[in-house]
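Raw contents of model_32.txt, compact mmCIF, C-alpha atoms:
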# COMPACT_ATOMS: atom_id res chain seq x y z
CA MET A 5 -7.20 110.50 -21.93
CA ALA A 6 -6.45 110.44 -25.64
CA PRO A 7 -9.41 110.13 -28.01
CA SER A 8 -10.12 106.63 -29.21
CA THR A 9 -9.39 105.39 -32.72
CA ALA A 10 -13.12 105.47 -33.42
CA THR A 11 -13.33 109.08 -32.23
CA ARG A 12 -10.40 110.07 -34.44
CA ALA A 13 -12.02 108.37 -37.42
CA LEU A 14 -15.34 110.12 -36.77
CA PHE A 15 -13.49 113.41 -36.43
CA SER A 16 -11.76 112.96 -39.80
CA LEU A 17 -14.90 111.85 -41.59
CA THR A 18 -16.94 114.71 -40.14
CA LEU A 19 -14.42 117.34 -41.22
CA GLY A 20 -14.19 115.84 -44.68
CA ALA A 21 -17.95 115.80 -45.11
CA LEU A 22 -18.26 119.37 -43.88
CA CYS A 23 -15.62 120.62 -46.28
CA VAL A 24 -17.38 118.93 -49.22
CA SER A 25 -20.82 120.22 -48.20
CA ARG A 26 -19.58 123.82 -48.03
CA ALA A 27 -17.61 123.74 -51.28
CA ALA A 28 -20.22 125.40 -53.50
CA ALA A 29 -19.73 129.08 -52.57
CA GLN A 30 -16.18 130.39 -52.47
CA ASP A 31 -16.01 134.16 -51.98
CA HIS A 32 -16.52 137.05 -49.57
CA SER A 33 -19.56 138.58 -51.19
CA SER A 34 -21.85 137.73 -48.25
CA GLU A 35 -21.94 135.91 -44.94
CA ALA A 36 -23.37 132.81 -46.60
CA SER A 37 -20.74 132.68 -49.34
CA GLU A 38 -17.92 133.35 -46.87
CA ALA A 39 -19.22 130.53 -44.67
CA GLY A 40 -18.98 128.26 -47.71
CA ILE A 41 -15.24 128.71 -48.12
CA ALA A 42 -13.44 125.50 -47.17
CA ASN A 43 -9.87 126.56 -47.96
CA THR A 44 -8.20 128.37 -45.06
CA THR A 45 -5.96 130.49 -47.28
CA LEU A 46 -8.96 131.68 -49.24
CA GLU A 47 -10.93 132.22 -46.01
CA CYS A 48 -8.25 134.61 -44.77
CA THR A 49 -7.77 136.47 -48.03
CA PRO A 50 -8.28 140.20 -47.35
CA TYR A 51 -11.64 141.61 -48.34
CA GLY A 52 -13.60 144.81 -47.96
CA TYR A 53 -16.93 145.29 -46.24
CA GLN A 54 -18.58 148.60 -47.04
CA PRO A 55 -20.34 149.28 -43.71
CA VAL A 56 -17.01 148.93 -41.89
CA THR A 57 -15.19 151.07 -44.45
CA ASN A 58 -17.85 153.76 -44.15
CA ALA A 59 -17.75 153.81 -40.34
CA ILE A 60 -14.06 153.25 -39.64
CA VAL A 61 -13.40 156.88 -38.72
CA GLN A 62 -15.89 156.49 -35.88
CA PHE A 63 -13.68 153.87 -34.18
CA PRO A 64 -10.22 153.82 -32.58
CA PRO A 65 -7.32 152.47 -34.65
CA ILE A 66 -7.63 148.71 -34.87
CA TRP A 67 -5.54 146.79 -32.31
CA GLU A 68 -4.49 149.95 -30.47
CA ILE A 69 -5.61 150.66 -26.92
CA ALA A 70 -8.95 152.39 -27.34
CA THR A 71 -9.61 155.99 -26.43
CA ILE A 72 -12.72 158.05 -27.07
CA VAL A 73 -12.59 159.11 -30.71
CA ASP A 74 -12.34 162.82 -31.45
CA ASN A 75 -15.76 164.43 -31.91
CA ASP A 76 -17.62 161.32 -30.72
CA ALA A 77 -20.15 163.24 -28.67
CA THR A 78 -22.24 160.14 -27.94
CA ALA A 79 -19.29 158.24 -26.45
CA ALA A 80 -18.16 161.30 -24.51
CA ALA A 81 -21.63 161.82 -23.07
CA LYS A 82 -21.91 158.18 -22.12
CA TRP A 83 -18.56 158.27 -20.35
CA ALA A 84 -19.57 161.47 -18.54
CA SER A 85 -22.66 159.69 -17.20
CA ILE A 86 -20.65 156.68 -15.98
CA GLN A 87 -17.52 158.38 -14.65
CA PRO A 88 -19.01 159.75 -11.37
CA ASN A 89 -19.84 156.17 -10.30
CA VAL A 90 -16.37 154.77 -11.00
CA PRO A 91 -14.42 154.21 -7.76
CA ASP A 92 -11.10 155.93 -7.20
CA ILE A 93 -8.98 152.82 -7.71
CA ALA A 94 -5.61 153.30 -9.37
CA PRO A 95 -4.71 151.25 -12.44
CA LYS A 96 -2.83 148.09 -11.54
CA ASN A 97 0.87 147.65 -12.23
CA ILE A 98 0.61 144.98 -14.92
CA SER A 99 2.57 144.75 -18.12
CA LEU A 100 0.34 144.57 -21.18
CA ASN A 101 2.55 141.87 -22.67
CA ILE A 102 3.33 139.44 -19.85
CA THR A 103 1.37 137.38 -17.37
CA ALA A 104 -0.07 139.53 -14.59
CA ALA A 105 2.45 140.15 -11.81
CA VAL A 106 -0.04 140.15 -8.96
CA GLY A 107 0.27 140.58 -5.24
CA GLY A 108 3.16 143.03 -5.43
CA ALA A 109 4.16 145.55 -2.81
CA ASP A 110 1.81 148.11 -4.32
CA TYR A 111 -1.33 146.03 -3.67
CA SER A 112 -2.69 144.81 -0.35
CA HIS A 113 -3.03 141.10 0.22
CA THR A 114 -6.48 141.78 1.69
CA ASP A 115 -7.64 142.28 -1.93
CA PRO A 116 -9.63 145.48 -1.34
CA ASP A 117 -10.62 145.83 -5.00
CA CYS A 118 -11.87 142.27 -5.61
CA TRP A 119 -9.12 141.84 -8.18
CA TRP A 120 -9.68 138.54 -10.02
CA SER A 121 -6.09 138.28 -11.20
CA PHE A 122 -4.90 138.40 -7.59
CA ALA A 123 -7.37 136.24 -5.65
CA LYS A 124 -9.91 134.97 -8.20
CA CYS A 125 -12.44 137.26 -6.50
CA THR A 126 -15.86 137.25 -8.21
CA THR A 127 -18.07 138.90 -5.57
CA PRO A 128 -17.52 142.67 -5.76
CA LYS A 129 -16.67 144.57 -2.61
CA LEU A 130 -18.15 147.74 -4.05
CA SER A 131 -21.88 147.97 -3.37
CA GLY A 132 -24.27 148.03 -6.30
CA LEU A 133 -22.30 145.63 -8.49
CA VAL A 134 -23.46 142.13 -9.36
CA ALA A 135 -21.19 139.12 -8.95
CA ASP A 136 -19.22 137.82 -11.90
CA ILE A 137 -20.55 134.71 -13.59
CA SER A 138 -18.05 131.88 -13.04
CA SER A 139 -20.43 128.89 -13.01
CA VAL A 140 -23.94 128.05 -14.18
CA PRO A 141 -26.88 127.05 -11.97
CA GLU A 142 -27.97 124.03 -13.99
CA PRO A 143 -26.56 120.73 -12.64
CA ASN A 144 -24.19 118.67 -14.79
CA THR A 145 -24.14 121.46 -17.38
CA LEU A 146 -21.15 122.99 -19.16
CA GLY A 147 -21.31 126.65 -20.11
CA TYR A 148 -19.58 126.40 -23.48
CA GLY A 149 -17.83 129.23 -25.30
CA PHE A 150 -14.76 130.48 -27.14
CA ASP A 151 -12.66 133.62 -26.74
CA ASP A 152 -10.77 135.81 -29.20
CA GLY A 153 -12.91 135.46 -32.31
CA PRO A 154 -13.89 135.87 -34.92
CA ASN A 155 -11.04 133.91 -36.47
CA CYS A 156 -10.90 134.34 -40.23
CA GLY A 157 -10.19 130.61 -40.58
CA HIS A 158 -12.97 129.26 -38.40
CA ASN A 159 -15.32 127.75 -41.00
CA VAL A 160 -14.48 124.08 -40.43
CA PHE A 161 -14.83 124.60 -36.68
CA TYR A 162 -18.18 126.39 -37.00
CA ASP A 163 -19.31 123.75 -39.48
CA PHE A 164 -18.50 121.12 -36.87
CA LEU A 165 -20.56 122.92 -34.23
CA THR A 166 -23.44 123.20 -36.69
CA ALA A 167 -23.25 119.49 -37.51
CA GLN A 168 -23.52 118.74 -33.79
CA ASN A 169 -26.39 121.22 -33.36
CA GLN A 170 -24.18 122.77 -30.71
CA LYS A 171 -24.41 126.46 -29.87
CA ALA A 172 -21.81 128.35 -27.86
CA THR A 173 -21.01 131.77 -26.44
CA MET A 174 -18.54 133.63 -28.65
CA TYR A 175 -16.47 136.33 -26.94
CA TYR A 176 -15.54 138.61 -29.81
CA ILE A 177 -12.71 141.17 -29.89
CA GLY A 178 -13.84 144.44 -31.47
CA SER A 179 -10.76 144.74 -33.69
CA ASN A 180 -11.31 141.21 -35.00
CA VAL A 181 -14.96 142.02 -35.72
CA MET A 182 -13.88 145.01 -37.81
CA ASN A 183 -11.24 142.94 -39.63
CA PHE A 184 -13.48 139.91 -40.22
CA PRO A 185 -17.09 141.14 -40.30
CA LEU A 186 -18.60 138.31 -42.34
CA GLU A 187 -17.08 135.79 -39.95
CA ALA A 188 -18.67 137.68 -37.05
CA GLN A 189 -22.04 137.61 -38.77
CA ARG A 190 -21.87 133.85 -38.96
CA ALA A 191 -22.23 133.60 -35.18
CA ILE A 192 -25.68 135.21 -35.41
CA VAL A 193 -26.76 133.16 -38.41
CA ASP A 194 -25.62 129.93 -36.73
CA GLY A 195 -27.48 130.78 -33.51
CA HIS A 196 -24.52 131.37 -31.21
CA GLU A 197 -24.47 133.95 -28.42
CA ILE A 198 -22.09 136.92 -28.76
CA CYS A 199 -20.41 138.71 -25.85
CA ALA A 200 -17.80 141.48 -26.00
CA HIS A 201 -14.12 140.76 -25.34
CA THR A 202 -12.84 144.36 -25.49
CA TRP A 203 -11.44 146.32 -28.41
CA SER A 204 -7.75 145.34 -28.29
CA HIS A 205 -7.44 142.58 -25.66
CA LYS A 206 -5.38 144.28 -22.96
CA TYR A 207 -5.19 143.77 -19.21
CA MET A 208 -8.14 145.96 -18.32
CA THR A 209 -7.07 146.84 -14.76
CA SER A 210 -3.82 148.31 -16.13
CA LEU A 211 -5.69 150.92 -18.19
CA ASP A 212 -6.93 154.30 -17.06
CA SER A 213 -10.69 154.43 -16.62
CA GLU A 214 -11.48 156.32 -19.82
CA SER A 215 -9.50 153.84 -21.91
CA ALA A 216 -11.18 150.92 -20.14
CA PHE A 217 -14.54 152.48 -21.00
CA ALA A 218 -13.48 152.94 -24.63
CA GLU A 219 -12.26 149.33 -24.87
CA LEU A 220 -15.73 148.10 -23.90
CA TYR A 221 -17.77 150.77 -25.64
CA TYR A 222 -16.18 150.45 -29.07
CA SER A 223 -16.16 146.64 -28.95
CA MET A 224 -19.92 146.82 -28.39
CA GLN A 225 -20.25 149.37 -31.20
CA ALA A 226 -18.27 147.17 -33.59
CA ILE A 227 -20.44 144.14 -32.85
CA LYS A 228 -23.55 146.28 -33.33
CA LEU A 229 -22.31 147.74 -36.61
CA VAL A 230 -21.46 144.36 -38.12
CA THR A 231 -24.03 141.96 -36.68
CA GLY A 232 -26.94 144.18 -35.69
CA VAL A 233 -26.87 143.17 -32.02
CA THR A 234 -25.67 144.98 -28.92
CA PRO A 235 -24.25 142.52 -26.38
CA THR A 236 -25.09 142.66 -22.69
CA CYS A 237 -22.21 140.45 -21.55
CA TRP A 238 -18.45 140.62 -21.68
CA ARG A 239 -15.39 138.62 -20.69
CA PRO A 240 -12.25 140.41 -19.48
CA PRO A 241 -9.07 139.36 -21.29
CA TYR A 242 -6.98 137.18 -18.98
CA GLY A 243 -9.87 137.43 -16.52
CA ASP A 244 -8.32 140.71 -15.41
CA VAL A 245 -11.07 142.68 -13.69
CA ASP A 246 -11.55 144.57 -10.43
CA ASP A 247 -14.32 146.72 -8.99
CA ARG A 248 -13.24 149.78 -10.99
CA ILE A 249 -13.55 147.90 -14.26
CA ARG A 250 -16.75 146.17 -13.12
CA SER A 251 -18.33 149.56 -12.41
CA ILE A 252 -17.54 150.72 -15.96
CA ALA A 253 -18.96 147.52 -17.43
CA HIS A 254 -22.05 147.88 -15.23
CA GLY A 255 -22.54 151.41 -16.52
CA LEU A 256 -22.59 149.98 -20.04
CA GLY A 257 -25.15 147.33 -19.10
CA LEU A 258 -22.70 144.44 -19.22
CA ILE A 259 -22.52 141.39 -16.98
CA THR A 260 -19.03 139.96 -16.41
CA ILE A 261 -18.42 136.31 -17.32
CA ILE A 262 -15.31 134.55 -16.02
CA TRP A 263 -14.66 130.79 -15.81
CA THR A 264 -13.74 128.08 -13.33
CA TYR A 265 -11.75 125.71 -15.56
CA ASP A 266 -8.99 126.89 -17.89
CA SER A 267 -7.96 124.66 -20.79
CA ASN A 268 -4.84 126.81 -21.21
CA ASP A 269 -5.12 126.07 -24.92
CA TRP A 270 -4.01 129.56 -25.86
CA GLN A 271 -0.49 129.03 -24.52
CA PHE A 272 0.45 126.14 -26.79
CA GLY A 273 2.62 127.47 -29.59
CA SER A 274 3.50 130.66 -27.72
CA ASN A 275 4.81 129.25 -24.42
CA PRO A 276 7.47 126.55 -24.92
CA ASN A 277 6.68 125.13 -21.50
CA ILE A 278 3.09 124.27 -22.49
CA THR A 279 2.66 121.07 -24.47
CA ILE A 280 -0.29 119.43 -26.16
CA ALA A 281 -0.25 116.91 -23.31
CA ASP A 282 -0.68 119.77 -20.82
CA VAL A 283 -3.74 121.11 -22.62
CA ASP A 284 -5.16 117.61 -22.99
CA ALA A 285 -4.70 117.09 -19.26
CA ASN A 286 -6.63 120.27 -18.50
CA TYR A 287 -9.53 119.09 -20.62
CA GLN A 288 -9.30 115.66 -18.99
CA ASN A 289 -9.42 117.17 -15.51
CA LEU A 290 -12.73 118.81 -16.37
CA ILE A 291 -14.05 115.55 -17.82
CA ASN A 292 -12.97 113.60 -14.74
CA ASN A 293 -14.74 116.03 -12.45
CA ALA A 294 -17.86 115.88 -14.58
CA THR A 295 -17.95 112.10 -14.28
CA ASN A 296 -17.24 111.94 -10.54
CA GLY A 297 -20.21 114.07 -9.51
CA THR A 298 -18.48 117.41 -8.95
CA PHE A 299 -21.22 119.21 -10.89
CA ALA A 300 -24.20 117.33 -9.47
CA THR A 301 -25.70 120.49 -7.98
CA GLU A 302 -24.19 123.25 -10.13
CA GLY A 303 -22.63 123.40 -13.56
CA THR A 304 -19.40 125.04 -14.63
CA ILE A 305 -17.70 127.17 -17.30
CA ILE A 306 -14.49 126.36 -19.19
CA LEU A 307 -12.16 128.82 -20.91
CA THR A 308 -11.38 127.80 -24.49
CA HIS A 309 -10.55 129.74 -27.66
CA GLU A 310 -11.06 130.03 -31.39
CA LEU A 311 -7.64 131.64 -31.40
CA ASN A 312 -5.92 129.37 -33.92
CA ASN A 313 -5.91 125.96 -35.56
CA PHE A 314 -4.69 124.17 -32.45
CA THR A 315 -7.29 125.60 -30.08
CA MET A 316 -10.16 124.85 -32.46
CA THR A 317 -8.87 121.37 -33.22
CA GLU A 318 -8.61 120.64 -29.50
CA ALA A 319 -12.21 121.75 -29.06
CA ILE A 320 -13.35 119.39 -31.81
CA LYS A 321 -11.21 116.54 -30.46
CA PHE A 322 -12.59 116.77 -26.95
CA TYR A 323 -16.20 117.58 -27.80
CA PRO A 324 -17.39 113.94 -27.90
CA MET A 325 -15.85 113.31 -24.49
CA LEU A 326 -17.37 116.46 -23.01
CA LYS A 327 -20.71 115.47 -24.49
CA THR A 328 -20.49 112.10 -22.76
CA ALA A 329 -19.31 113.54 -19.44
CA PHE A 330 -21.89 116.33 -19.12
CA THR A 331 -25.64 115.93 -19.25
CA HIS A 332 -25.95 119.23 -21.13
CA ILE A 333 -23.61 121.58 -23.02
CA THR A 334 -25.11 125.00 -23.72
CA PRO A 335 -24.14 128.62 -24.30
CA VAL A 336 -23.60 130.42 -21.00
CA GLY A 337 -26.64 132.63 -21.57
CA VAL A 338 -28.86 129.59 -22.08
CA ALA A 339 -27.59 127.96 -18.88
CA LEU A 340 -28.45 131.23 -17.09
CA ASN A 341 -31.91 131.39 -18.71
CA ILE A 342 -31.12 134.72 -20.37
CA THR A 343 -33.53 134.63 -23.30
CA SER A 344 -32.96 138.26 -24.34
CA PRO A 345 -29.17 138.50 -24.62
CA TYR A 346 -29.10 141.73 -26.62
CA LEU A 347 -30.73 145.15 -26.54
CA GLU A 348 -32.45 144.21 -29.80
CA GLN A 349 -35.42 142.10 -28.75
CA GLU A 350 -35.96 140.24 -32.03
CA TYR A 351 -32.75 138.32 -31.38
CA ALA A 352 -33.33 135.72 -28.67
CA LEU A 353 -31.88 132.67 -26.99
CA PRO A 354 -33.98 129.66 -26.04
CA SER A 355 -34.57 129.00 -22.37
CA PHE A 356 -32.60 126.18 -20.81
CA ALA A 357 -35.68 123.95 -20.90
CA GLN A 358 -36.23 124.71 -24.60
CA TYR A 359 -32.58 124.09 -25.45
CA ILE A 360 -32.29 120.70 -23.79
CA ALA A 361 -35.60 119.70 -25.40
CA GLY A 362 -34.06 120.30 -28.83
CA THR A 363 -34.98 123.92 -29.63
CA THR A 364 -31.48 125.38 -29.88
CA THR A 365 -32.40 128.57 -31.72
CA THR A 366 -35.24 131.06 -31.35
CA GLY A 367 -35.89 134.56 -32.66
CA ALA A 368 -34.02 136.12 -35.57
CA ASN A 369 -31.07 134.36 -37.15
CA THR A 370 -30.45 136.83 -39.94
CA ILE A 371 -28.43 140.01 -40.15
CA ASN A 372 -30.96 142.84 -40.10
CA ALA A 373 -29.60 145.94 -41.83
CA ASN A 374 -32.18 148.07 -40.01
CA ASP A 375 -30.46 147.24 -36.73
CA THR A 376 -27.23 148.99 -37.62
CA VAL A 377 -28.41 152.22 -35.97
CA ILE A 378 -26.63 152.08 -32.64
CA PRO A 379 -29.02 152.80 -29.72
CA THR A 380 -28.25 154.70 -26.57
CA LEU A 381 -27.12 152.23 -23.92
CA VAL A 382 -28.85 152.25 -20.55
CA ALA A 383 -26.69 152.09 -17.45
CA GLY A 384 -27.21 148.95 -15.45
CA SER A 385 -29.62 147.41 -17.97
CA THR A 386 -28.34 143.90 -17.40
CA PRO A 387 -30.57 140.90 -18.03
CA SER A 388 -31.98 138.96 -15.11
CA ILE A 389 -30.63 135.51 -14.28
CA THR A 390 -32.90 132.78 -13.00
CA ALA A 391 -32.64 129.07 -12.37
CA GLY A 392 -34.03 126.94 -15.14
CA ALA A 393 -37.02 124.68 -15.28
CA THR A 394 -34.86 121.69 -14.41
CA GLY A 395 -33.26 123.23 -11.54
CA ASP A 396 -4.26 132.98 -36.00
CA ALA A 397 -5.63 133.32 -39.17
CA ALA A 398 -4.88 129.65 -39.56
CA GLY A 399 -8.09 127.68 -39.49
CA VAL A 400 -8.65 124.08 -38.56
CA SER A 401 -6.95 122.91 -41.72
CA GLY A 402 -3.93 125.19 -41.28
CA SER A 403 -0.85 125.53 -39.11
CA THR A 404 -0.91 124.68 -35.42
CA THR A 405 0.75 127.95 -34.50
CA GLY A 406 -0.14 131.56 -35.00
CA SER A 407 -2.89 133.85 -33.89
CA ALA A 408 -6.47 134.46 -34.81
CA SER A 409 -5.96 138.16 -34.39
CA SER A 410 -4.47 140.73 -36.66
CA SER A 411 -3.93 144.43 -36.95
CA SER A 412 -5.49 146.14 -39.90
CA ALA A 413 -3.75 149.32 -38.80
CA THR A 414 -0.86 149.08 -36.39
CA THR A 415 -0.17 152.82 -36.29
CA GLY A 416 -2.21 155.97 -36.45
CA THR A 417 -4.38 158.29 -34.41
CA THR A 418 -8.06 158.87 -34.01
CA SER A 419 -8.06 161.70 -36.52
CA SER A 420 -10.64 160.97 -39.20
CA ALA A 421 -8.40 161.61 -42.19
CA SER A 422 -5.41 159.53 -41.11
CA HIS A 423 -7.64 156.80 -39.74
CA ALA A 424 -9.46 156.44 -43.05
CA VAL A 425 -6.15 156.19 -44.91
CA LEU A 426 -4.95 153.51 -42.49
CA HIS A 427 -8.08 151.46 -43.05
CA ALA A 428 -7.74 151.79 -46.80
CA GLY A 429 -4.38 150.02 -46.50
CA ALA A 430 -5.61 147.55 -43.91
CA LEU A 431 -6.82 144.90 -46.30
CA ALA A 432 -3.32 144.25 -47.55
CA LEU A 433 -2.01 143.92 -44.01
CA VAL A 434 -4.63 141.38 -42.95
CA ALA A 435 -2.90 138.84 -45.18
CA GLY A 436 -0.18 138.58 -42.55
CA VAL A 437 -2.64 137.74 -39.80
CA ALA A 438 -1.24 134.30 -38.91
CA GLY A 439 1.83 135.63 -37.17
CA ALA A 440 0.73 139.17 -36.40
CA LEU A 441 -0.21 139.06 -32.75
CA ALA A 442 -0.81 136.47 -30.04
CA VAL A 443 -3.49 137.90 -27.81
CA GLY A 444 -3.62 135.16 -25.18
CA LEU A 445 -6.74 134.42 -23.18
Kindly present the structure from the file in structure tokens form.
Amino acid sequence: MAPSTATRALFSLTLGALCVSRAAAQDHSSEASEAGIANTTLECTPYGYQPVTNAIVQFPPIWEIATIVDNDATAAAKWASIQPNVPDIAPKNISLNITAAVGGADYSHTDPDCWWSFAKCTTPKLSGLVADISSVPEPNTLGYGFDDGPNCGHNVFYDFLTAQNQKATMYYIGSNVMNFPLEAQRAIVDGHEICAHTWSHKYMTSLDSESAFAELYYSMQAIKLVTGVTPTCWRPPYGDVDDRIRSIAHGLGLITIIWTYDSNDWQFGSNPNITIADVDANYQNLINNATNGTFATEGTIILTHELNNFTMTEAIKFYPMLKTAFTHITPVGVALNITSPYLEQEYALPSFAQYIAGTTTTGANTINANDTVIPTLVAGSTPSITAGATGDAAGVSGSTTGSASSSSATTGTTSSASHAVLHAGALALVAGVAGALAVGL
């Protein structure tokens, strides 16, 4: 169903008002001033952020498959503590650049590894692992969130969410966090929930176990460095997870969040067979099910993105209809009643009951410089889940194609000297972010 004329008018007026209200500050000197930039080109102008520059040698090359950095004794020790509990499951035969070719001759159709890409399996077959989150327990509730951020051109979109007093779960890619740190900080300031979305957005089951560990570990470290929080949740790119990858995530204290409904918004502009009408139909299918009672006893989760202008514009376009169809729209953590979503306890989420009563933020909503000391992670320290009290660089004003992701350094090794040189040149390369890389889900 296409949005009504009234909805389109409200959409245009809201965006115009938001752009005017944010027009005062126009630079990258702080999170607040960056959030005030209304021009997408200016938003995505390269800038430096000293904490990232100082720490870059402690991370893998941006947008390369992560490995444990040379001389990173903390990461090596953490991996050594997790490795004995990782099952002997071979990496899957999946290309890193095409849709997963699942169910081949090299994998049994009995799905022994609970491979989501093959059978949408979410209940691990390996003992000791918790089930993936693919729905929420609260009736008529949508677990709302966006993959692949932070997008350097997301200000109008985040302004829209703020105007609606709507919080969401943001699944951030570590390389994007390092490229766009002030944009990542805005999620905390605005009261959103942050989960990890790996370091370089690869099919996780295709990687060897140490690389899979590094993809998760350094994405968590990047989020901690920039925002001051250590996430306890993650979403696998493309949903690609099996019991080997789940065991690594569990060792890092991460719960795995999947989805039930896929908007498929990410494919428009990169797959010629996917049209705007296709994406609209996917949204409409969710709305139809919400209105026909499908979620009367249990809510759901949709996959959407802040990948580029189109995906964010679609989210804004369909928000009023989702709001009408669902009784409640909340971050996934709120719908699960996870009030302590990070290792740092001063950062909190409201309970579901608090959120639906109008308290959409609790705890700290500032970037605390004292929290940039990265703590030792505790294996299996995942938050408890209980039922609630009621049972491209192009931003929204830019092109409809392109990617939110970029590579600050497309070549290099983990050696400290060469890595530092690569980062020094990264700021010039970020300017080409719009067409640099399409990361997909």
Check the smallest atom-to-atom distance from each of A:Thr304, A:Thr202, A:Asn155, A:Ser85 to Ile291 of chain A using only C-alpha atoms, then report the winner.
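Closest to Ile291 of chain A, using only C-alpha atoms: A:Thr304.
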Which residue gives the smallest distance to Glu348 of chain A among A:Thr231, A:Thr78, A:Thr49, A:Thr114, with all atoms listed in the file counted?
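Distance minimum relative to Glu348 of chain A lands on A:Thr231.
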Measuring between all atoms listed in the file, which one of A:Tyr351, A:Tyr207, A:Phe322, A:Phe184 shows the shortest distance to Gly232 of chain A?
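Of A:Tyr351, A:Tyr207, A:Phe322, A:Phe184, the one nearest Gly232 of chain A, counting all atoms listed in the file, is A:Tyr351.
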Go through segment 241-328 of chain A and flag each residue having an atom no more than 6 Å from segment 128-150 of chain A; for those, report the closest pair of atoms plus their distance in Å to one decimal, using all atoms listed in the file, ordered by chain and rising number, as a Markdown table.
| residue | atom | partner | partner_atom | distance |
| --- | --- | --- | --- | --- |
| A:Thr260 | CA | A:Asp136 | CA | 5.0 |
| A:Ile261 | CA | A:Ile137 | CA | 4.6 |
| A:Ile262 | CA | A:Ser138 | CA | 4.8 |
| A:Trp263 | CA | A:Ser138 | CA | 4.5 |
| A:Thr264 | CA | A:Ser138 | CA | 5.8 |
| A:Phe299 | CA | A:Asn144 | CA | 4.9 |
| A:Ala300 | CA | A:Pro143 | CA | 5.2 |
| A:Thr301 | CA | A:Pro143 | CA | 4.7 |
| A:Glu302 | CA | A:Pro143 | CA | 4.3 |
| A:Gly303 | CA | A:Thr145 | CA | 4.5 |
| A:Thr304 | CA | A:Ser139 | CA | 4.3 |
| A:Ile305 | CA | A:Gly147 | CA | 4.6 |
| A:Thr308 | CA | A:Phe150 | CA | 5.1 |
| A:His309 | CA | A:Phe150 | CA | 4.3 |
| A:Glu310 | CA | A:Phe150 | CA | 5.7 |
Residues of segment 169-245 of chain A within 9 Å of segment 55-73 of chain A: nearest atom pair and distance (Å, one decimal) for each, counting only C-alpha atoms, sorted by chain and number, as a tab-separated table?
residue	atom	partner	partner_atom	distance
A:Gly178	CA	A:Ile66	CA	8.3
A:Ser179	CA	A:Ile66	CA	5.2
A:Asn180	CA	A:Ile66	CA	8.4
A:Met182	CA	A:Val56	CA	6.5
A:Asn183	CA	A:Ile66	CA	8.3
A:Pro185	CA	A:Val56	CA	8.0
A:Trp203	CA	A:Ala70	CA	6.6
A:Ser204	CA	A:Trp67	CA	4.8
A:His205	CA	A:Trp67	CA	8.1
A:Lys206	CA	A:Ile69	CA	7.5
A:Leu211	CA	A:Ile69	CA	8.7
A:Glu214	CA	A:Thr71	CA	6.9
A:Ser215	CA	A:Thr71	CA	5.0
A:Ala216	CA	A:Ala70	CA	7.7
A:Phe217	CA	A:Thr71	CA	8.1
A:Ala218	CA	A:Thr71	CA	5.2
A:Glu219	CA	A:Ala70	CA	5.1
A:Leu220	CA	A:Ala70	CA	8.7
A:Tyr221	CA	A:Ile72	CA	9.0
A:Tyr222	CA	A:Phe63	CA	6.6
A:Gln225	CA	A:Phe63	CA	8.5
A:Ala226	CA	A:Phe63	CA	8.1
A:Leu229	CA	A:Pro55	CA	7.5
A:Val230	CA	A:Val56	CA	7.4
Let's have the selection written as an mmCIF file, in the coordinates of the input, with C-alpha atoms.
data_model
loop_
_atom_site.group_PDB
_atom_site.id
_atom_site.type_symbol
_atom_site.label_atom_id
_atom_site.label_comp_id
_atom_site.auth_asym_id
_atom_site.auth_seq_id
_atom_site.Cartn_x
_atom_site.Cartn_y
_atom_site.Cartn_z
ATOM 1 C CA GLY A 178 -13.840 144.440 -31.470
ATOM 2 C CA SER A 179 -10.760 144.740 -33.690
ATOM 3 C CA ASN A 180 -11.310 141.210 -35.000
ATOM 4 C CA MET A 182 -13.880 145.010 -37.810
ATOM 5 C CA ASN A 183 -11.240 142.940 -39.630
ATOM 6 C CA PRO A 185 -17.090 141.140 -40.300
ATOM 7 C CA TRP A 203 -11.440 146.320 -28.410
ATOM 8 C CA SER A 204 -7.750 145.340 -28.290
ATOM 9 C CA HIS A 205 -7.440 142.580 -25.660
ATOM 10 C CA LYS A 206 -5.380 144.280 -22.960
ATOM 11 C CA LEU A 211 -5.690 150.920 -18.190
ATOM 12 C CA GLU A 214 -11.480 156.320 -19.820
ATOM 13 C CA SER A 215 -9.500 153.840 -21.910
ATOM 14 C CA ALA A 216 -11.180 150.920 -20.140
ATOM 15 C CA PHE A 217 -14.540 152.480 -21.000
ATOM 16 C CA ALA A 218 -13.480 152.940 -24.630
ATOM 17 C CA GLU A 219 -12.260 149.330 -24.870
ATOM 18 C CA LEU A 220 -15.730 148.100 -23.900
ATOM 19 C CA TYR A 221 -17.770 150.770 -25.640
ATOM 20 C CA TYR A 222 -16.180 150.450 -29.070
ATOM 21 C CA GLN A 225 -20.250 149.370 -31.200
ATOM 22 C CA ALA A 226 -18.270 147.170 -33.590
ATOM 23 C CA LEU A 229 -22.310 147.740 -36.610
ATOM 24 C CA VAL A 230 -21.460 144.360 -38.120
#
Report as a PyMOL selection string all protein, DNA and RNA residues lying within 10 Å of segment 356-370 of chain A, evaluated on all atoms listed in the file, omitting residues in the same chain fewer than 6 positions from it.
chain A and resi 35+142+169-171+189-196+231-232+331-344+349-350+391-395
State, in Å with one decimal place, the distance from atom CA of Arg248 of chain A to atom CA of Ser210 of chain A.
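Straight-line distance from atom CA of Arg248 of chain A to atom CA of Ser210 of chain A works out to 10.8 Å.
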What's the separation between atom CA of Ala80 of chain A and atom CA of Met208 of chain A, in Å to one decimal place?
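Going from atom CA of Ala80 of chain A over to atom CA of Met208 of chain A, I get 19.3 Å.
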Segment 330-334 of chain A from the block above, C-alpha atoms, as a tab-separated table (two decimals), in the first residue's frame, please?
chain	number	residue	atom	x	y	z
A	330	PHE	CA	1.54	-2.35	15.80
A	331	THR	CA	0.54	-1.52	19.34
A	332	HIS	CA	4.18	-0.88	20.25
A	333	ILE	CA	7.45	-0.31	18.37
A	334	THR	CA	10.55	-0.62	20.55
